[in-house]
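J.: As input, take protein.csv (CSV, C-alpha atoms):
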chain,number,residue,atom,x,y,z
A,1,MET,CA,-16.2,28.7,13.7
A,2,LYS,CA,-16.1,25.2,15.1
A,3,GLU,CA,-13.3,22.7,15.4
A,4,ILE,CA,-13.6,19.4,13.6
A,5,SER,CA,-11.7,16.4,14.8
A,6,PHE,CA,-11.0,13.1,13.1
A,7,THR,CA,-9.6,10.0,14.7
A,8,THR,CA,-7.9,7.2,12.8
A,9,GLN,CA,-7.1,3.8,14.2
A,10,PHE,CA,-4.4,1.3,13.2
A,11,LEU,CA,-3.3,-2.0,14.6
A,12,GLU,CA,0.4,-2.4,15.2
A,13,PHE,CA,2.1,-5.8,14.9
A,14,GLU,CA,5.6,-5.9,16.4
A,15,HIS,CA,7.0,-8.6,14.2
A,16,LEU,CA,6.2,-10.3,10.9
A,17,THR,CA,5.5,-13.5,12.9
A,18,ASP,CA,2.7,-11.7,14.8
A,19,LEU,CA,0.7,-11.2,11.5
A,20,PRO,CA,-1.9,-13.8,10.4
A,21,ILE,CA,-0.3,-16.4,8.3
A,22,ASP,CA,-2.0,-15.2,5.0
A,23,VAL,CA,-0.7,-11.7,5.6
A,24,GLN,CA,2.8,-13.0,6.5
A,25,GLN,CA,2.8,-14.7,3.2
A,26,LEU,CA,1.6,-11.6,1.4
A,27,MET,CA,4.3,-9.5,3.1
A,28,ASP,CA,6.9,-12.1,2.2
A,29,GLN,CA,5.9,-11.6,-1.4
A,30,ALA,CA,6.1,-7.8,-1.1
A,31,ILE,CA,9.6,-8.1,0.4
A,32,GLU,CA,10.8,-10.3,-2.5
A,33,ILE,CA,9.4,-8.0,-5.2
A,34,ARG,CA,10.8,-5.0,-3.3
A,35,LYS,CA,14.3,-6.4,-4.0
A,36,LYS,CA,13.5,-6.1,-7.8
A,37,ALA,CA,12.6,-2.4,-7.6
A,38,TYR,CA,14.3,-0.2,-10.1
A,39,ALA,CA,15.5,2.7,-7.9
A,40,PRO,CA,18.8,3.9,-9.1
A,41,TYR,CA,18.1,7.6,-8.2
A,42,SER,CA,16.3,7.5,-4.8
A,43,LYS,CA,17.9,4.2,-3.6
A,44,PHE,CA,14.5,3.7,-1.9
A,45,ARG,CA,12.9,0.4,-2.8
A,46,VAL,CA,9.2,-0.4,-2.3
A,47,GLY,CA,7.4,-3.7,-2.9
A,48,VAL,CA,3.7,-4.4,-2.8
A,49,ALA,CA,1.6,-7.6,-2.9
A,50,ILE,CA,-2.1,-7.4,-3.4
A,51,LEU,CA,-4.5,-10.2,-2.6
A,52,LEU,CA,-7.7,-10.3,-4.7
A,53,ASP,CA,-11.0,-12.0,-4.0
A,54,ASN,CA,-10.3,-14.5,-6.7
A,55,GLY,CA,-7.2,-15.8,-4.8
A,56,LYS,CA,-4.7,-14.2,-7.2
A,57,VAL,CA,-1.8,-12.1,-5.9
A,58,VAL,CA,-0.6,-9.2,-7.9
A,59,MET,CA,2.7,-7.6,-7.1
A,60,GLY,CA,4.6,-4.4,-8.0
A,61,SER,CA,7.8,-2.5,-7.2
A,62,ASN,CA,8.7,1.1,-7.8
A,63,GLN,CA,10.1,1.9,-11.2
A,64,GLU,CA,12.1,5.1,-11.4
A,65,ASN,CA,13.1,7.2,-14.4
A,66,ALA,CA,15.7,9.9,-14.9
A,67,ALA,CA,12.9,12.1,-16.3
A,68,TYR,CA,11.1,12.8,-13.0
A,69,PRO,CA,8.2,12.2,-12.4
A,70,SER,CA,7.9,9.7,-15.1
A,71,GLY,CA,8.5,6.8,-12.8
A,72,LEU,CA,5.8,5.0,-10.9
A,73,CYS,CA,5.4,3.9,-7.2
A,74,ALA,CA,5.0,0.3,-6.3
A,75,GLU,CA,1.5,0.7,-5.0
A,76,ARG,CA,0.3,2.1,-8.3
A,77,VAL,CA,2.2,-0.4,-10.4
A,78,ALA,CA,0.4,-3.2,-8.5
A,79,ILE,CA,-3.1,-1.7,-8.2
A,80,PHE,CA,-3.1,-0.7,-11.9
A,81,GLN,CA,-1.9,-4.1,-12.9
A,82,ALA,CA,-4.7,-5.7,-10.8
A,83,GLY,CA,-7.3,-3.4,-12.4
A,84,ALA,CA,-6.0,-4.2,-15.9
A,85,VAL,CA,-5.7,-8.0,-15.6
A,86,TYR,CA,-8.5,-8.7,-13.2
A,87,PRO,CA,-11.0,-5.8,-13.7
A,88,ASP,CA,-13.9,-7.5,-11.9
A,89,ALA,CA,-11.9,-8.7,-8.9
A,90,LYS,CA,-12.0,-7.0,-5.5
A,91,ILE,CA,-8.9,-6.1,-3.6
A,92,LEU,CA,-9.0,-7.6,-0.2
A,93,LYS,CA,-5.5,-6.8,1.2
A,94,MET,CA,-2.3,-4.9,0.4
A,95,ALA,CA,1.1,-5.6,1.9
A,96,ILE,CA,3.6,-2.7,1.5
A,97,THR,CA,7.3,-2.7,2.5
A,98,ALA,CA,10.0,-0.1,1.9
A,99,ALA,CA,13.8,-0.2,2.3
A,100,SER,CA,16.6,2.2,1.6
A,101,ASP,CA,19.9,1.2,0.1
A,102,THR,CA,21.6,3.7,2.3
A,103,ASN,CA,20.1,3.2,5.7
A,104,THR,CA,17.8,0.8,7.5
A,105,THR,CA,14.1,1.8,7.5
A,106,LYS,CA,12.8,0.9,11.0
A,107,THR,CA,9.4,2.6,10.9
A,108,PRO,CA,6.3,1.6,8.9
A,109,ILE,CA,6.3,3.5,5.5
A,110,PRO,CA,2.8,4.4,4.3
A,111,PRO,CA,1.8,5.0,0.7
A,112,CYS,CA,2.5,8.5,-0.7
A,113,GLY,CA,-0.4,10.9,-1.5
A,114,ALA,CA,-0.7,9.9,-5.2
A,115,CYS,CA,-0.8,6.2,-4.2
A,116,ARG,CA,-3.4,6.9,-1.5
A,117,GLN,CA,-5.6,8.6,-4.1
A,118,SER,CA,-5.2,5.7,-6.5
A,119,ILE,CA,-6.0,3.1,-3.8
A,120,ALA,CA,-9.1,5.3,-2.8
A,121,GLU,CA,-10.4,5.0,-6.4
A,122,TYR,CA,-10.4,1.2,-6.2
A,123,GLU,CA,-11.8,1.1,-2.7
A,124,ILE,CA,-14.7,3.3,-3.9
A,125,LYS,CA,-15.1,1.4,-7.1
A,126,GLN,CA,-15.5,-1.9,-5.3
A,127,ASP,CA,-17.6,-0.4,-2.4
A,128,GLN,CA,-15.5,-2.4,0.0
A,129,PRO,CA,-12.6,-1.4,2.2
A,130,ILE,CA,-9.1,-2.6,1.5
A,131,ALA,CA,-7.0,-3.7,4.4
A,132,ILE,CA,-3.5,-2.1,4.1
A,133,TYR,CA,-0.5,-3.5,6.0
A,134,PHE,CA,2.7,-1.4,5.8
A,135,MET,CA,6.2,-1.7,7.2
A,136,GLY,CA,9.8,-0.5,6.7
A,137,GLU,CA,12.6,-2.9,6.2
A,138,ILE,CA,12.4,-4.1,9.8
A,139,GLY,CA,10.3,-3.4,12.8
A,140,SER,CA,6.6,-2.9,13.4
A,141,ILE,CA,3.9,-3.4,10.8
A,142,TYR,CA,0.8,-1.2,10.8
A,143,LYS,CA,-2.6,-2.3,9.6
A,144,SER,CA,-5.3,0.1,8.4
A,145,ASP,CA,-8.7,-1.4,7.9
A,146,SER,CA,-9.5,1.0,5.1
A,147,LEU,CA,-7.8,3.7,3.0
A,148,LYS,CA,-10.1,6.2,4.7
A,149,ASN,CA,-7.7,6.0,7.8
A,150,LEU,CA,-4.9,7.2,5.6
A,151,LEU,CA,-6.9,9.7,3.6
A,152,PRO,CA,-9.9,10.9,5.6
A,153,PHE,CA,-10.7,13.7,3.1
A,154,MET,CA,-10.4,11.7,0.0
A,155,PHE,CA,-11.4,13.1,-3.4
A,156,ASP,CA,-13.8,10.9,-5.3
A,157,LYS,CA,-16.2,10.8,-8.2
A,158,ASN,CA,-19.0,12.3,-6.1
A,159,PHE,CA,-17.2,15.7,-6.3
A,160,LEU,CA,-17.2,15.7,-10.1
I'd like the structure from this file rewritten - as structure tokens, please.
T.:
Amino acid sequence: MKEISFTTQFLEFEHLTDLPIDVQQLMDQAIEIRKKAYAPYSKFRVGVAILLDNGKVVMGSNQENAAYPSGLCAERVAIFQAGAVYPDAKILKMAITAASDTNTTKTPIPPCGACRQSIAEYEIKQDQPIAIYFMGEIGSIYKSDSLKNLLPFMFDKNFL
């Protein structure tokens, strides 16, 4: 038996104003779309803005449904929309923000497992990493240079 160790690295930005201007703008769009989330059950709103290599920005917010798990997370709403409308475009950056209606989220909120797998599919498809910025409602913003930092043992088409 041997031990295997993996290390992941993230950048931490203390404030929105510490981000590069283009990422600030992307996060501002994610914050605005987060406010439009349909989250009557969880009271947890998530917004995502995706920058494509064609200059377009695609946004998404979580959409819940009383028939769990029929709803969809914001990340998948946005990434599937990008894939449907701009199938040949590459995803350069994602900005993700989450806020609760019942308490203030002060720590960066990463994508859930299902969303990580969906993002992985597009990162593998385009053979280029996707920069992922994520935050709570307030506080620090984390940046991952690739989905691989968030999902080091990702399942992909090579296993099929």
J.: In terms of the shortest atom-to-atom distance over only C-alpha atoms, which of A:Thr17, A:Ser146, A:Ser42, A:Gln81 is closest to Ala66 (chain A)?
T.: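 Going through A:Thr17, A:Ser146, A:Ser42, A:Gln81 one by one, the smallest distance to Ala66 (chain A) is for A:Ser42.
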J.: Let me make sure I understand: among A:Gly55, A:Ile79, A:Ile4, A:Leu11, which one has the smallest atom-to-atom distance to Leu26 (chain A) if we use all atoms listed in the file?
T.: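 The shortest atom-to-atom distance to Leu26 (chain A) comes from A:Gly55.
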J.: If you measure from CA of Met27 (chain A) to CA of Ala89 (chain A), what distance in Å do you get, rounded to one decimal?
T.: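 The value is 20.2 Å.
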J.: May I have the residues within 12 Å of Leu19 (chain A) as a list of chain:residue names, using only C-alpha atoms and disregarding those fewer than 6 positions away in the same chain?
T.: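 Returned residues: A:Leu11, A:Glu12, A:Phe13, A:Gln25, A:Leu26, A:Met27, A:Asp28, A:Ala95, A:Tyr133, A:Phe134, A:Met135, A:Ser140, A:Ile141, A:Tyr142, A:Lys143.
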J.: Enter the distance from CA of Ala49 (chain A) to CA of Asp101 (chain A), in Å, rounded to one decimal.
T.: 20.5 Å
J.: Rebuild region 74-85 of chain A to all heavy atoms - output it as a PDB file, in the frame of the given file, please.
T.:
ATOM      1  N   ALA A  74       5.387   1.698  -6.376  1.00  0.00           N
ATOM      2  CA  ALA A  74       5.000   0.300  -6.300  1.00  0.00           C
ATOM      3  C   ALA A  74       3.537   0.055  -6.139  1.00  0.00           C
ATOM      4  O   ALA A  74       2.947  -0.837  -6.762  1.00  0.00           O
ATOM      5  CB  ALA A  74       5.803  -0.398  -5.192  1.00  0.00           C
ATOM      6  N   GLU A  75       2.913   0.879  -5.292  1.00  0.00           N
ATOM      7  CA  GLU A  75       1.500   0.700  -5.000  1.00  0.00           C
ATOM      8  C   GLU A  75       0.667   0.873  -6.302  1.00  0.00           C
ATOM      9  O   GLU A  75      -0.245   0.104  -6.579  1.00  0.00           O
ATOM     10  CB  GLU A  75       1.005   1.714  -3.975  1.00  0.00           C
ATOM     11  CG  GLU A  75       1.616   1.511  -2.602  1.00  0.00           C
ATOM     12  CD  GLU A  75       2.921   2.267  -2.380  1.00  0.00           C
ATOM     13  OE1 GLU A  75       3.615   2.610  -3.373  1.00  0.00           O
ATOM     14  OE2 GLU A  75       3.248   2.516  -1.210  1.00  0.00           O
ATOM     15  N   ARG A  76       1.018   1.896  -7.084  1.00  0.00           N
ATOM     16  CA  ARG A  76       0.300   2.100  -8.300  1.00  0.00           C
ATOM     17  C   ARG A  76       0.606   1.101  -9.390  1.00  0.00           C
ATOM     18  O   ARG A  76      -0.266   0.708 -10.162  1.00  0.00           O
ATOM     19  CB  ARG A  76       0.499   3.563  -8.812  1.00  0.00           C
ATOM     20  CG  ARG A  76      -0.290   4.554  -7.939  1.00  0.00           C
ATOM     21  CD  ARG A  76      -0.126   5.971  -8.398  1.00  0.00           C
ATOM     22  NE  ARG A  76       1.195   6.436  -7.980  1.00  0.00           N
ATOM     23  CZ  ARG A  76       1.866   7.411  -8.572  1.00  0.00           C
ATOM     24  NH1 ARG A  76       1.376   8.026  -9.619  1.00  0.00           N
ATOM     25  NH2 ARG A  76       3.043   7.782  -8.117  1.00  0.00           N
ATOM     26  N   VAL A  77       1.854   0.643  -9.439  1.00  0.00           N
ATOM     27  CA  VAL A  77       2.200  -0.400 -10.400  1.00  0.00           C
ATOM     28  C   VAL A  77       1.302  -1.640 -10.093  1.00  0.00           C
ATOM     29  O   VAL A  77       0.694  -2.211 -10.995  1.00  0.00           O
ATOM     30  CB  VAL A  77       3.694  -0.832 -10.250  1.00  0.00           C
ATOM     31  CG1 VAL A  77       3.979  -2.137 -10.977  1.00  0.00           C
ATOM     32  CG2 VAL A  77       4.591   0.279 -10.783  1.00  0.00           C
ATOM     33  N   ALA A  78       1.198  -2.026  -8.819  1.00  0.00           N
ATOM     34  CA  ALA A  78       0.400  -3.200  -8.500  1.00  0.00           C
ATOM     35  C   ALA A  78      -1.081  -3.008  -8.632  1.00  0.00           C
ATOM     36  O   ALA A  78      -1.767  -3.864  -9.195  1.00  0.00           O
ATOM     37  CB  ALA A  78       0.734  -3.612  -7.006  1.00  0.00           C
ATOM     38  N   ILE A  79      -1.597  -1.889  -8.171  1.00  0.00           N
ATOM     39  CA  ILE A  79      -3.100  -1.700  -8.200  1.00  0.00           C
ATOM     40  C   ILE A  79      -3.534  -1.502  -9.663  1.00  0.00           C
ATOM     41  O   ILE A  79      -4.595  -2.012 -10.038  1.00  0.00           O
ATOM     42  CB  ILE A  79      -3.504  -0.542  -7.292  1.00  0.00           C
ATOM     43  CG1 ILE A  79      -4.959  -0.753  -6.892  1.00  0.00           C
ATOM     44  CG2 ILE A  79      -3.284   0.819  -7.903  1.00  0.00           C
ATOM     45  CD1 ILE A  79      -5.385   0.015  -5.677  1.00  0.00           C
ATOM     46  N   PHE A  80      -2.742  -0.829 -10.502  1.00  0.00           N
ATOM     47  CA  PHE A  80      -3.100  -0.700 -11.900  1.00  0.00           C
ATOM     48  C   PHE A  80      -3.037  -2.004 -12.639  1.00  0.00           C
ATOM     49  O   PHE A  80      -3.851  -2.298 -13.510  1.00  0.00           O
ATOM     50  CB  PHE A  80      -2.294   0.393 -12.593  1.00  0.00           C
ATOM     51  CG  PHE A  80      -2.509   1.800 -12.071  1.00  0.00           C
ATOM     52  CD1 PHE A  80      -1.559   2.787 -12.313  1.00  0.00           C
ATOM     53  CD2 PHE A  80      -3.634   2.154 -11.341  1.00  0.00           C
ATOM     54  CE1 PHE A  80      -1.740   4.083 -11.862  1.00  0.00           C
ATOM     55  CE2 PHE A  80      -3.819   3.444 -10.872  1.00  0.00           C
ATOM     56  CZ  PHE A  80      -2.871   4.410 -11.134  1.00  0.00           C
ATOM     57  N   GLN A  81      -2.051  -2.811 -12.285  1.00  0.00           N
ATOM     58  CA  GLN A  81      -1.900  -4.100 -12.900  1.00  0.00           C
ATOM     59  C   GLN A  81      -3.148  -5.000 -12.484  1.00  0.00           C
ATOM     60  O   GLN A  81      -3.725  -5.693 -13.320  1.00  0.00           O
ATOM     61  CB  GLN A  81      -0.635  -4.813 -12.407  1.00  0.00           C
ATOM     62  CG  GLN A  81      -0.471  -6.246 -12.821  1.00  0.00           C
ATOM     63  CD  GLN A  81      -0.104  -6.425 -14.285  1.00  0.00           C
ATOM     64  OE1 GLN A  81      -0.089  -5.492 -15.067  1.00  0.00           O
ATOM     65  NE2 GLN A  81       0.192  -7.636 -14.659  1.00  0.00           N
ATOM     66  N   ALA A  82      -3.539  -4.941 -11.218  1.00  0.00           N
ATOM     67  CA  ALA A  82      -4.700  -5.700 -10.800  1.00  0.00           C
ATOM     68  C   ALA A  82      -5.956  -5.240 -11.528  1.00  0.00           C
ATOM     69  O   ALA A  82      -6.758  -6.065 -11.983  1.00  0.00           O
ATOM     70  CB  ALA A  82      -4.919  -5.511  -9.259  1.00  0.00           C
ATOM     71  N   GLY A  83      -6.115  -3.928 -11.683  1.00  0.00           N
ATOM     72  CA  GLY A  83      -7.300  -3.400 -12.400  1.00  0.00           C
ATOM     73  C   GLY A  83      -7.267  -3.767 -13.874  1.00  0.00           C
ATOM     74  O   GLY A  83      -8.316  -3.995 -14.467  1.00  0.00           O
ATOM     75  N   ALA A  84      -6.086  -3.855 -14.471  1.00  0.00           N
ATOM     76  CA  ALA A  84      -6.000  -4.200 -15.900  1.00  0.00           C
ATOM     77  C   ALA A  84      -6.196  -5.670 -16.164  1.00  0.00           C
ATOM     78  O   ALA A  84      -6.893  -6.047 -17.101  1.00  0.00           O
ATOM     79  CB  ALA A  84      -4.617  -3.752 -16.430  1.00  0.00           C
ATOM     80  N   VAL A  85      -5.620  -6.512 -15.335  1.00  0.00           N
ATOM     81  CA  VAL A  85      -5.700  -8.000 -15.600  1.00  0.00           C
ATOM     82  C   VAL A  85      -6.927  -8.599 -14.983  1.00  0.00           C
ATOM     83  O   VAL A  85      -7.489  -9.532 -15.559  1.00  0.00           O
ATOM     84  CB  VAL A  85      -4.393  -8.638 -15.036  1.00  0.00           C
ATOM     85  CG1 VAL A  85      -4.452 -10.150 -15.206  1.00  0.00           C
ATOM     86  CG2 VAL A  85      -3.161  -8.074 -15.728  1.00  0.00           C
TER      87      VAL A  85
END
